[in-house]
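Have a look at data18.csv below; it lists CSV, C-alpha atoms.
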```csv
chain,number,residue,atom,x,y,z
D,1,MET,CA,22.2,-23.1,-23.2
D,2,SER,CA,20.6,-20.6,-25.5
D,3,ALA,CA,22.4,-19.2,-28.6
D,4,GLN,CA,24.1,-15.8,-28.5
D,5,PRO,CA,21.5,-13.2,-29.5
D,6,ASP,CA,22.0,-11.3,-32.8
D,7,LEU,CA,21.3,-7.7,-32.2
D,8,LEU,CA,22.4,-6.4,-35.7
D,9,TYR,CA,20.2,-5.8,-38.7
D,10,SER,CA,20.7,-8.0,-41.7
D,11,GLU,CA,20.8,-6.5,-45.3
D,12,GLU,CA,17.3,-7.9,-45.9
D,13,GLU,CA,16.0,-6.2,-42.8
D,14,GLU,CA,17.6,-2.9,-43.8
D,15,ALA,CA,16.1,-3.2,-47.2
D,16,LEU,CA,12.7,-3.8,-45.7
D,17,ARG,CA,13.1,-0.8,-43.4
D,18,ALA,CA,13.9,1.4,-46.4
D,19,ALA,CA,10.9,0.2,-48.3
D,20,VAL,CA,8.5,0.8,-45.4
D,21,ARG,CA,10.0,4.2,-44.6
D,22,ASP,CA,9.6,5.3,-48.2
D,23,LEU,CA,6.0,4.3,-48.2
D,24,LEU,CA,5.3,6.0,-44.9
D,25,THR,CA,7.1,9.2,-46.0
D,26,ASP,CA,4.8,9.4,-49.0
D,27,HIS,CA,1.5,8.4,-47.4
D,28,CYS,CA,1.8,9.1,-43.6
D,29,ASP,CA,3.1,12.6,-43.0
D,30,ALA,CA,2.3,14.3,-39.8
D,31,ALA,CA,-0.4,16.5,-41.3
D,32,ARG,CA,-2.3,13.5,-42.5
D,33,VAL,CA,-2.1,11.7,-39.2
D,34,ILE,CA,-3.3,14.8,-37.3
D,35,SER,CA,-6.2,15.2,-39.7
D,36,ARG,CA,-7.1,11.5,-39.2
D,37,THR,CA,-7.3,11.9,-35.4
D,38,GLU,CA,-9.8,14.8,-35.9
D,39,SER,CA,-12.1,12.7,-38.1
D,40,ASP,CA,-14.5,9.9,-37.3
D,41,ALA,CA,-12.2,7.4,-39.0
D,42,PRO,CA,-8.9,7.4,-37.2
D,43,HIS,CA,-7.5,4.3,-39.0
D,44,ASP,CA,-5.9,4.9,-42.4
D,45,LEU,CA,-7.2,1.9,-44.2
D,46,SER,CA,-5.7,3.0,-47.5
D,47,LEU,CA,-2.3,3.0,-45.9
D,48,TRP,CA,-3.1,-0.3,-44.3
D,49,LYS,CA,-3.9,-1.8,-47.7
D,50,ALA,CA,-0.6,-0.5,-49.1
D,51,LEU,CA,1.4,-2.0,-46.3
D,52,ALA,CA,-0.5,-5.2,-45.7
D,53,ASP,CA,-1.6,-6.1,-49.2
D,54,GLY,CA,0.7,-4.2,-51.5
D,55,MET,CA,3.9,-5.0,-49.5
D,56,GLY,CA,2.6,-8.3,-48.0
D,57,LEU,CA,3.4,-7.3,-44.5
D,58,ALA,CA,0.3,-8.7,-42.9
D,59,GLY,CA,1.5,-12.2,-43.2
D,60,LEU,CA,5.1,-11.8,-42.1
D,61,LEU,CA,4.7,-14.1,-39.1
D,62,VAL,CA,2.6,-16.7,-40.9
D,63,PRO,CA,4.4,-19.7,-42.5
D,64,GLU,CA,4.3,-20.0,-46.3
D,65,ASP,CA,2.4,-23.2,-46.2
D,66,ARG,CA,-0.4,-21.4,-44.2
D,67,GLY,CA,-0.7,-18.5,-46.6
D,68,GLY,CA,1.9,-16.1,-45.2
D,69,GLN,CA,5.4,-14.8,-46.0
D,70,GLY,CA,7.3,-17.1,-43.7
D,71,ALA,CA,9.4,-14.4,-42.1
D,72,THR,CA,10.2,-14.0,-38.4
D,73,HIS,CA,9.7,-11.6,-35.5
D,74,ARG,CA,12.9,-9.8,-36.5
D,75,GLU,CA,11.3,-8.6,-39.7
D,76,ALA,CA,8.1,-7.7,-38.0
D,77,ALA,CA,10.1,-5.7,-35.5
D,78,VAL,CA,11.7,-3.6,-38.2
D,79,VAL,CA,8.2,-2.8,-39.6
D,80,LEU,CA,7.1,-1.8,-36.2
D,81,GLU,CA,10.1,0.5,-35.7
D,82,GLU,CA,9.1,2.4,-38.8
D,83,LEU,CA,5.4,2.5,-37.8
D,84,GLY,CA,6.4,3.9,-34.5
D,85,ARG,CA,8.5,6.6,-36.1
D,86,ALA,CA,5.5,7.7,-38.0
D,87,VAL,CA,2.8,7.0,-35.3
D,88,ALA,CA,1.0,5.3,-38.2
D,89,PRO,CA,-2.7,4.8,-37.5
D,90,VAL,CA,-2.9,1.2,-38.8
D,91,PRO,CA,-3.8,-2.0,-36.9
D,92,TYR,CA,-0.5,-3.8,-37.7
D,93,LEU,CA,0.5,-4.7,-34.1
D,94,THR,CA,-3.0,-5.8,-33.2
D,95,SER,CA,-3.9,-7.7,-36.3
D,96,ALA,CA,-0.6,-8.8,-38.0
D,97,VAL,CA,1.1,-9.6,-34.7
D,98,VAL,CA,-1.3,-10.2,-31.7
D,99,ALA,CA,-4.3,-11.7,-33.5
D,100,THR,CA,-2.1,-13.6,-35.9
D,101,GLU,CA,0.0,-15.1,-33.0
D,102,ALA,CA,-3.2,-16.2,-31.3
D,103,LEU,CA,-4.4,-18.0,-34.4
D,104,LEU,CA,-1.0,-19.7,-34.9
D,105,ALA,CA,-1.5,-21.4,-31.5
D,106,CYS,CA,-5.0,-22.7,-32.6
D,107,ALA,CA,-5.6,-26.0,-34.3
D,108,ASP,CA,-8.7,-24.8,-36.2
D,109,GLY,CA,-7.8,-21.2,-37.0
D,110,GLY,CA,-6.4,-21.8,-40.5
D,111,GLU,CA,-9.1,-20.2,-42.5
D,112,VAL,CA,-9.2,-17.0,-40.4
D,113,LEU,CA,-5.4,-17.0,-40.2
D,114,ALA,CA,-5.1,-17.1,-44.0
D,115,SER,CA,-7.6,-14.2,-44.4
D,116,LEU,CA,-5.5,-12.1,-42.0
D,117,ALA,CA,-2.2,-13.0,-43.7
D,118,SER,CA,-3.6,-12.0,-47.1
D,119,ALA,CA,-5.0,-8.7,-45.7
D,120,ARG,CA,-8.5,-9.7,-46.8
D,121,ARG,CA,-9.6,-9.1,-43.2
D,122,ILE,CA,-8.4,-7.4,-40.1
D,123,GLY,CA,-8.4,-9.2,-36.7
D,124,ALA,CA,-8.4,-8.1,-33.1
D,125,LEU,CA,-7.9,-10.2,-30.0
D,126,ALA,CA,-10.7,-9.2,-27.6
D,127,VAL,CA,-8.5,-8.8,-24.5
D,128,PRO,CA,-7.9,-5.4,-22.9
D,129,LEU,CA,-4.8,-3.7,-24.2
D,130,HIS,CA,-3.3,-3.3,-20.7
D,131,THR,CA,-3.2,-7.1,-20.1
D,132,ALA,CA,0.3,-8.5,-19.5
D,133,PRO,CA,1.4,-12.0,-20.8
D,134,GLY,CA,0.3,-14.6,-18.3
D,135,ALA,CA,-2.1,-12.2,-16.4
D,136,PHE,CA,-5.8,-12.8,-15.9
D,137,PHE,CA,-8.0,-11.7,-18.8
D,138,PRO,CA,-11.8,-11.4,-18.8
D,139,ALA,CA,-13.8,-13.9,-20.9
D,140,ALA,CA,-17.2,-13.9,-22.5
D,141,ARG,CA,-19.9,-16.4,-21.3
D,142,ALA,CA,-20.5,-19.3,-23.7
D,143,ALA,CA,-24.0,-20.7,-23.7
D,144,ASP,CA,-26.0,-22.7,-26.2
D,145,GLY,CA,-23.5,-22.0,-29.0
D,146,VAL,CA,-23.5,-18.2,-28.6
D,147,LEU,CA,-21.5,-15.7,-26.6
D,148,HIS,CA,-22.6,-13.1,-24.1
D,149,GLY,CA,-20.6,-10.4,-22.2
D,150,GLU,CA,-18.9,-7.1,-22.4
D,151,LEU,CA,-15.2,-6.6,-23.0
D,152,THR,CA,-13.6,-3.2,-22.7
D,153,GLY,CA,-10.3,-1.5,-23.8
D,154,ILE,CA,-10.0,-3.6,-27.0
D,155,ALA,CA,-7.4,-1.9,-29.2
D,156,ASP,CA,-8.4,-1.4,-32.9
D,157,ALA,CA,-11.7,-3.3,-32.5
D,158,ASP,CA,-13.5,-0.7,-34.5
D,159,ALA,CA,-11.4,-1.5,-37.5
D,160,ALA,CA,-11.6,-5.3,-37.1
D,161,ASP,CA,-13.5,-7.7,-39.4
D,162,VAL,CA,-13.1,-10.6,-37.0
D,163,LEU,CA,-12.8,-10.6,-33.2
D,164,LEU,CA,-11.0,-13.4,-31.4
D,165,VAL,CA,-13.0,-13.8,-28.1
D,166,PRO,CA,-11.9,-15.9,-25.1
D,167,ALA,CA,-14.8,-17.6,-23.4
D,168,ASP,CA,-15.4,-19.1,-20.0
D,169,ASP,CA,-15.4,-22.6,-21.4
D,170,GLY,CA,-11.7,-22.3,-22.2
D,171,GLY,CA,-12.1,-21.8,-25.9
D,172,LEU,CA,-11.1,-19.0,-28.2
D,173,TYR,CA,-13.9,-18.1,-30.6
D,174,ALA,CA,-13.8,-16.2,-34.0
D,175,VAL,CA,-16.7,-13.8,-34.1
D,176,GLU,CA,-17.5,-11.7,-37.1
D,177,ALA,CA,-17.6,-8.1,-36.1
D,178,ASP,CA,-20.7,-7.4,-38.1
D,179,ALA,CA,-22.6,-10.4,-36.9
D,180,VAL,CA,-26.0,-10.1,-35.1
D,181,GLY,CA,-25.5,-9.6,-31.4
D,182,VAL,CA,-22.1,-7.8,-31.7
D,183,THR,CA,-21.8,-4.1,-30.9
D,184,VAL,CA,-18.5,-2.3,-31.0
D,185,THR,CA,-18.5,1.2,-29.5
D,186,GLY,CA,-15.5,3.5,-29.3
D,187,GLN,CA,-14.1,4.6,-26.0
D,188,THR,CA,-12.1,7.7,-25.0
D,189,SER,CA,-8.5,7.0,-25.6
D,190,LEU,CA,-5.4,9.0,-24.8
D,191,ASP,CA,-3.7,7.7,-28.0
D,192,LEU,CA,-5.8,9.0,-30.8
D,193,THR,CA,-3.9,6.8,-33.4
D,194,ARG,CA,-4.7,3.5,-31.7
D,195,PRO,CA,-8.3,3.8,-30.5
D,196,LEU,CA,-9.9,1.6,-27.9
D,197,ALA,CA,-13.4,0.1,-28.1
D,198,ARG,CA,-16.0,-1.6,-26.0
D,199,VAL,CA,-17.3,-4.9,-27.4
D,200,VAL,CA,-20.7,-6.1,-26.3
D,201,LEU,CA,-21.8,-9.6,-27.2
D,202,ASP,CA,-25.5,-10.4,-26.8
D,203,GLY,CA,-26.0,-13.9,-28.2
D,204,ALA,CA,-23.3,-13.5,-30.8
D,205,PRO,CA,-22.4,-16.5,-32.9
D,206,GLY,CA,-18.8,-17.7,-32.8
D,207,ARG,CA,-16.7,-20.5,-34.1
D,208,ARG,CA,-14.3,-22.2,-31.7
D,209,VAL,CA,-10.8,-22.1,-33.2
D,210,GLY,CA,-8.7,-23.3,-30.3
D,211,ASP,CA,-7.9,-23.1,-26.6
D,212,ALA,CA,-7.9,-19.6,-25.2
D,213,GLY,CA,-5.2,-20.0,-22.5
D,214,PRO,CA,-2.1,-20.8,-24.6
D,215,ALA,CA,-3.3,-18.7,-27.5
D,216,VAL,CA,-3.8,-15.6,-25.5
D,217,ARG,CA,-0.5,-16.0,-23.7
D,218,ARG,CA,1.4,-16.5,-26.9
D,219,ALA,CA,-0.3,-13.5,-28.5
D,220,LEU,CA,0.4,-11.2,-25.6
D,221,ARG,CA,4.0,-12.2,-25.3
D,222,ALA,CA,4.6,-11.5,-28.9
D,223,GLY,CA,2.7,-8.2,-28.6
D,224,ALA,CA,4.7,-7.1,-25.6
D,225,GLY,CA,8.0,-8.1,-27.2
D,226,LEU,CA,7.4,-6.4,-30.5
D,227,LEU,CA,5.8,-3.3,-28.9
D,228,ALA,CA,9.3,-2.5,-27.7
D,229,SER,CA,10.3,-2.1,-31.3
D,230,GLU,CA,7.5,0.4,-31.9
D,231,GLN,CA,8.6,2.3,-28.8
D,232,LEU,CA,12.2,2.3,-30.1
D,233,GLY,CA,11.0,3.9,-33.4
D,234,LEU,CA,9.1,6.5,-31.5
D,235,ALA,CA,12.0,7.3,-29.2
D,236,GLU,CA,14.4,7.5,-32.2
D,237,TRP,CA,12.2,10.0,-34.0
D,238,SER,CA,11.8,12.1,-30.9
D,239,LEU,CA,15.6,12.3,-30.4
D,240,ALA,CA,16.4,12.9,-34.0
D,241,GLU,CA,13.7,15.6,-34.4
D,242,THR,CA,14.8,17.3,-31.2
D,243,VAL,CA,18.5,17.4,-32.3
D,244,ARG,CA,17.5,18.8,-35.7
D,245,TYR,CA,15.3,21.5,-34.1
D,246,LEU,CA,18.0,22.5,-31.6
D,247,LYS,CA,20.5,22.9,-34.4
D,248,ASP,CA,18.1,25.3,-36.3
D,249,ARG,CA,16.7,27.2,-33.3
D,250,ARG,CA,18.9,30.2,-32.4
D,251,GLN,CA,19.1,32.3,-29.3
D,252,PHE,CA,21.7,34.9,-28.3
D,253,ASN,CA,23.0,34.6,-31.9
D,254,ARG,CA,24.0,30.9,-31.5
D,255,PRO,CA,22.2,27.5,-32.0
D,256,VAL,CA,20.3,26.5,-28.9
D,257,GLY,CA,21.8,23.0,-29.2
D,258,GLY,CA,25.2,24.5,-28.4
D,259,PHE,CA,24.3,25.1,-24.8
D,260,GLN,CA,26.1,22.6,-22.5
D,261,ALA,CA,23.1,21.8,-20.4
D,262,LEU,CA,21.1,20.8,-23.5
D,263,LYS,CA,24.0,18.7,-24.8
D,264,HIS,CA,24.0,16.8,-21.6
D,265,ARG,CA,20.3,16.1,-21.7
D,266,LEU,CA,20.5,14.9,-25.3
D,267,ALA,CA,23.6,12.7,-24.6
D,268,GLN,CA,21.8,11.0,-21.7
D,269,LEU,CA,18.8,10.4,-23.9
D,270,TRP,CA,20.9,9.0,-26.7
D,271,LEU,CA,22.4,6.5,-24.3
D,272,GLU,CA,19.0,5.4,-23.2
D,273,VAL,CA,17.7,5.0,-26.7
D,274,VAL,CA,20.8,2.9,-27.6
D,275,ASN,CA,20.0,0.7,-24.6
D,276,LEU,CA,16.4,0.4,-25.7
D,277,ARG,CA,17.5,-0.7,-29.2
D,278,ALA,CA,19.5,-3.5,-27.7
D,279,ALA,CA,16.6,-4.6,-25.5
D,280,ALA,CA,14.1,-4.4,-28.3
D,281,ARG,CA,16.4,-6.3,-30.7
D,282,ASN,CA,17.1,-9.0,-28.1
D,283,ALA,CA,13.3,-9.5,-27.6
D,284,ALA,CA,12.7,-9.8,-31.3
D,285,ASP,CA,15.6,-12.2,-31.8
D,286,ALA,CA,14.5,-14.3,-28.9
D,287,LEU,CA,10.9,-14.5,-30.2
D,288,ALA,CA,12.2,-15.5,-33.6
D,289,ALA,CA,14.2,-18.4,-32.2
D,290,ASP,CA,13.1,-22.0,-32.2
D,291,PRO,CA,11.1,-22.4,-29.0
D,292,ALA,CA,13.0,-25.7,-28.4
D,293,VAL,CA,16.3,-23.7,-28.4
D,294,ALA,CA,15.1,-20.5,-26.7
D,295,GLY,CA,13.4,-22.1,-23.7
D,296,ASP,CA,12.5,-19.4,-21.1
D,297,ASP,CA,14.9,-16.9,-22.8
D,298,ALA,CA,12.1,-15.4,-24.9
D,299,ASP,CA,10.0,-14.8,-21.8
D,300,ALA,CA,12.9,-13.1,-20.0
D,301,ALA,CA,13.9,-11.1,-23.1
D,302,VAL,CA,10.4,-9.8,-23.5
D,303,ALA,CA,10.2,-8.9,-19.8
D,304,VAL,CA,13.5,-7.1,-19.9
D,305,ALA,CA,12.5,-5.1,-23.0
D,306,GLN,CA,9.1,-4.0,-21.5
D,307,ALA,CA,10.6,-3.3,-18.1
D,308,TYR,CA,12.7,-0.6,-19.8
D,309,ALA,CA,11.1,0.5,-23.0
D,310,GLY,CA,8.1,2.4,-21.7
D,311,GLN,CA,10.1,4.8,-19.5
D,312,VAL,CA,12.6,5.6,-22.3
D,313,ALA,CA,9.9,6.2,-24.9
D,314,VAL,CA,8.0,8.5,-22.6
D,315,ARG,CA,11.1,10.3,-21.6
D,316,ALA,CA,12.2,10.8,-25.2
D,317,ALA,CA,8.8,12.2,-26.1
D,318,GLU,CA,8.7,14.4,-23.0
D,319,GLU,CA,12.2,15.8,-23.8
D,320,ALA,CA,11.1,16.4,-27.4
D,321,LEU,CA,8.1,18.4,-26.2
D,322,GLN,CA,10.1,20.5,-23.7
D,323,LEU,CA,13.1,21.1,-25.9
D,324,HIS,CA,10.9,22.2,-28.7
D,325,GLY,CA,9.9,25.0,-26.4
D,326,GLY,CA,6.4,23.8,-25.8
D,327,ILE,CA,5.3,24.0,-29.5
D,328,GLY,CA,4.8,20.2,-29.3
D,329,MET,CA,1.6,20.8,-27.3
D,330,THR,CA,0.1,22.7,-30.2
D,331,TRP,CA,-2.3,20.8,-32.4
D,332,GLU,CA,-0.3,21.8,-35.5
D,333,HIS,CA,2.9,20.1,-34.3
D,334,PRO,CA,3.1,16.2,-34.2
D,335,VAL,CA,5.1,15.9,-30.9
D,336,HIS,CA,1.9,15.5,-28.9
D,337,LEU,CA,1.0,12.4,-31.0
D,338,TYR,CA,4.2,10.8,-30.0
D,339,LEU,CA,3.8,11.6,-26.3
D,340,LYS,CA,0.3,10.2,-26.2
D,341,ARG,CA,1.4,7.1,-28.0
D,342,ALA,CA,4.4,6.7,-25.7
D,343,LYS,CA,2.1,7.1,-22.6
D,344,ALA,CA,-0.4,4.6,-23.9
D,345,ASP,CA,2.3,2.1,-24.9
D,346,SER,CA,3.8,2.3,-21.4
D,347,ILE,CA,0.8,0.4,-20.0
D,348,ALA,CA,0.0,-1.7,-23.1
D,349,TYR,CA,0.6,-5.5,-22.7
D,350,GLY,CA,1.6,-4.9,-19.0
D,351,THR,CA,3.2,-2.1,-17.1
D,352,ALA,CA,7.0,-2.0,-16.4
D,353,GLY,CA,6.3,-3.1,-12.9
D,354,ALA,CA,4.3,-6.2,-14.0
D,355,HIS,CA,7.2,-7.2,-16.3
D,356,ARG,CA,9.8,-6.6,-13.6
D,357,GLU,CA,7.8,-8.9,-11.3
D,358,ALA,CA,7.6,-11.5,-14.1
D,359,LEU,CA,11.3,-11.2,-14.7
D,360,ALA,CA,12.1,-11.7,-11.0
D,361,GLY,CA,10.2,-15.0,-11.1
D,362,LEU,CA,12.0,-16.1,-14.2
D,363,VAL,CA,15.4,-15.5,-12.8
D,364,ASP,CA,14.6,-16.6,-9.2
D,365,LEU,CA,15.0,-13.2,-7.7
D,366,GLN,CA,11.8,-13.0,-5.7
D,367,ALA,CA,11.5,-10.2,-3.1
D,368,PRO,CA,12.0,-11.3,0.6
```
Will you turn the file into structure tokens for me?
Amino acid sequence: MSAQPDLLYSEEEEALRAAVRDLLTDHCDAARVISRTESDAPHDLSLWKALADGMGLAGLLVPEDRGGQGATHREAAVVLEELGRAVAPVPYLTSAVVATEALLACADGGEVLASLASARRIGALAVPLHTAPGAFFPAARAADGVLHGELTGIADADAADVLLVPADDGGLYAVEADAVGVTVTGQTSLDLTRPLARVVLDGAPGRRVGDAGPAVRRALRAGAGLLASEQLGLAEWSLAETVRYLKDRRQFNRPVGGFQALKHRLAQLWLEVVNLRAAARNAADALAADPAVAGDDADAAVAVAQAYAGQVAVRAAEEALQLHGGIGMTWEHPVHLYLKRAKADSIAYGTAGAHREALAGLVDLQAP
């Protein structure tokens, strides 16, 4: 039997939240994020350096004896909540969570893992962002010690120094992004703060670091579980900003937020966000537990969180846009960034339908 989940935040987690929020308030305001999306360099690498190197957040999930901070998924979830609140254009989820988790499952990935934990390099798992845990994923062709193939929809690949590429021989290969035979080309992406890219390998050298199957599955499960915390932060910002705006906006000589119909919409949204917080915290707590104790609970917790999180984050962003009177669709206002991130997140690491199907199998509730 699994232990009772702890959905509350510890004092240490709240202190971490405060530190991350202070940094993001100073270095990741809406105007800067919007200007980044209009440039040729959407990633804010100076902010990434401050977070990953200055605060040591890149190695939260890496044990101390392997060069990291030795924290858990609970702390990483708190960081992602704050990054979601700011729609921060940094590769934290893709490098410090997904690529890191893949390497933690590899016997020979220690050197690359240490470089990611110390923020000397950024990593990206070369699996399409929409891939759900346990789902089929494309692989490169390994022949004569080099890799060939084309992989699309790779999140944050254009910011990566090292790509973790699954191959058809069952191996996971570390490939330097600037190596001969590697071409990374940006793709059109709805979410301008988490760009996608096409990776073409034409005789690219790679070093096998482990087995692709278990590494990719572990990475995608952690990515899906902690993505719910990012979606929570996004939804909380959307709700809080909408409430603030409706208190200030006046019509018929009274605050717009005083109208009963809008109160009902906000109350319903608040309930959904609270439920999302419980699901996201449960997923983070389950991922942080000892696998020998958690059993299948982590898989179920992740599936529950992602079956619910996407729709709530999208609804929160949509309500923010509508209740701001449409100004959220103007380029000068940041609400559109949150809606685009929410929409993109709703299919990242598996759709809600895919996670409901996975959950049905886990709890033996297959359709007739």
- Dump as number ranges by chain all residues having an atom at most 12 Å from (-12.4, -1.0, -28.5), computed in the file's coordinates with all atoms listed in the file. D: 94, 124-129, 150-160, 163, 177, 183-189, 194-200
- Skip D:Ala222 itself and residues of its chain fewer than 3 positions away, then list as a ChimeraX atom specification all residues within 9 Å of it, counting all atoms listed in the file. /D:73,97-98,101,133,217-219,225-227,284,287,302
- Task: Could you check which of D:Ser238, D:Gln268, D:Gln69, D:Thr193 is closest to D:Ala41, using only C-alpha atoms?
- Result: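 For D:Ala41, the nearest of the candidates is D:Thr193.
Minimum atom-to-atom distance to D:Val175, evaluated using only C-alpha atoms, belongs to D:Val112 out of D:Leu8, D:Ala139, D:Val20, D:Val112.
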- Provide the atom CA of D:Leu116 to atom CA of D:Leu60 distance in Å, to one decimal place.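 Taking atom CA of D:Leu116 and atom CA of D:Leu60, their separation equals 10.6 Å.
Atom pair atom CA of D:Gln311 / atom CA of D:Ser35: separated by 28.0 Å.
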- Message: Can you measure atom CA of D:Ala96 to atom CA of D:His130 for me? One decimal in Å is fine.
- Response: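 Calculated distance between atom CA of D:Ala96 and atom CA of D:His130 is 18.4 Å.
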- Item | Protein/DNA/RNA residues near (6.7, -2.5, -19.4), cut 10 Å, only C-alpha atoms, as a PyMOL selection string | chain D and resi 132+224-225+227-228+302-311+345-356
Could you give me the axis-aligned bounding box of stretch 158-168 of chain D, with 4 Å of padding per side, as centre plus edge lengths in Å to one decimal, as AutoDock Vina command-line options?
```
--center_x -13.2 --center_y -9.9 --center_z -29.7 --size_x 12.4 --size_y 26.4 --size_z 27.4
```
- If you count all atoms listed in the file, the residue of D:Asn282, D:Ser95, D:Thr72, D:Ser46 closest to D:Asp297 turns out to be D:Asn282
- Item | Contact residues around D:Glu230 with all atoms listed in the file at 9 Å, ignoring same-chain residues under 3 positions, as a PyMOL selection string | chain D and resi 77-85+87+93+226-227+233-235+280+345
- Message: From the options D:Leu7, D:Ala18, D:Arg120, D:Gly171, which residue's atoms come nearest to D:Leu276, counting only C-alpha atoms?
- Response: D:Leu7
- Between D:Leu266, D:Ala289, D:Ala102, D:Ala88, which one has atoms that come closest to D:Arg36, using all atoms listed in the file?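 For D:Arg36, the nearest of the given residues is D:Ala88.
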- Message: Measuring between all atoms listed in the file, which one of D:Asp65, D:Asn253, D:Pro334, D:Ala279 shows the shortest distance to D:Cys28?
- Response: D:Pro334
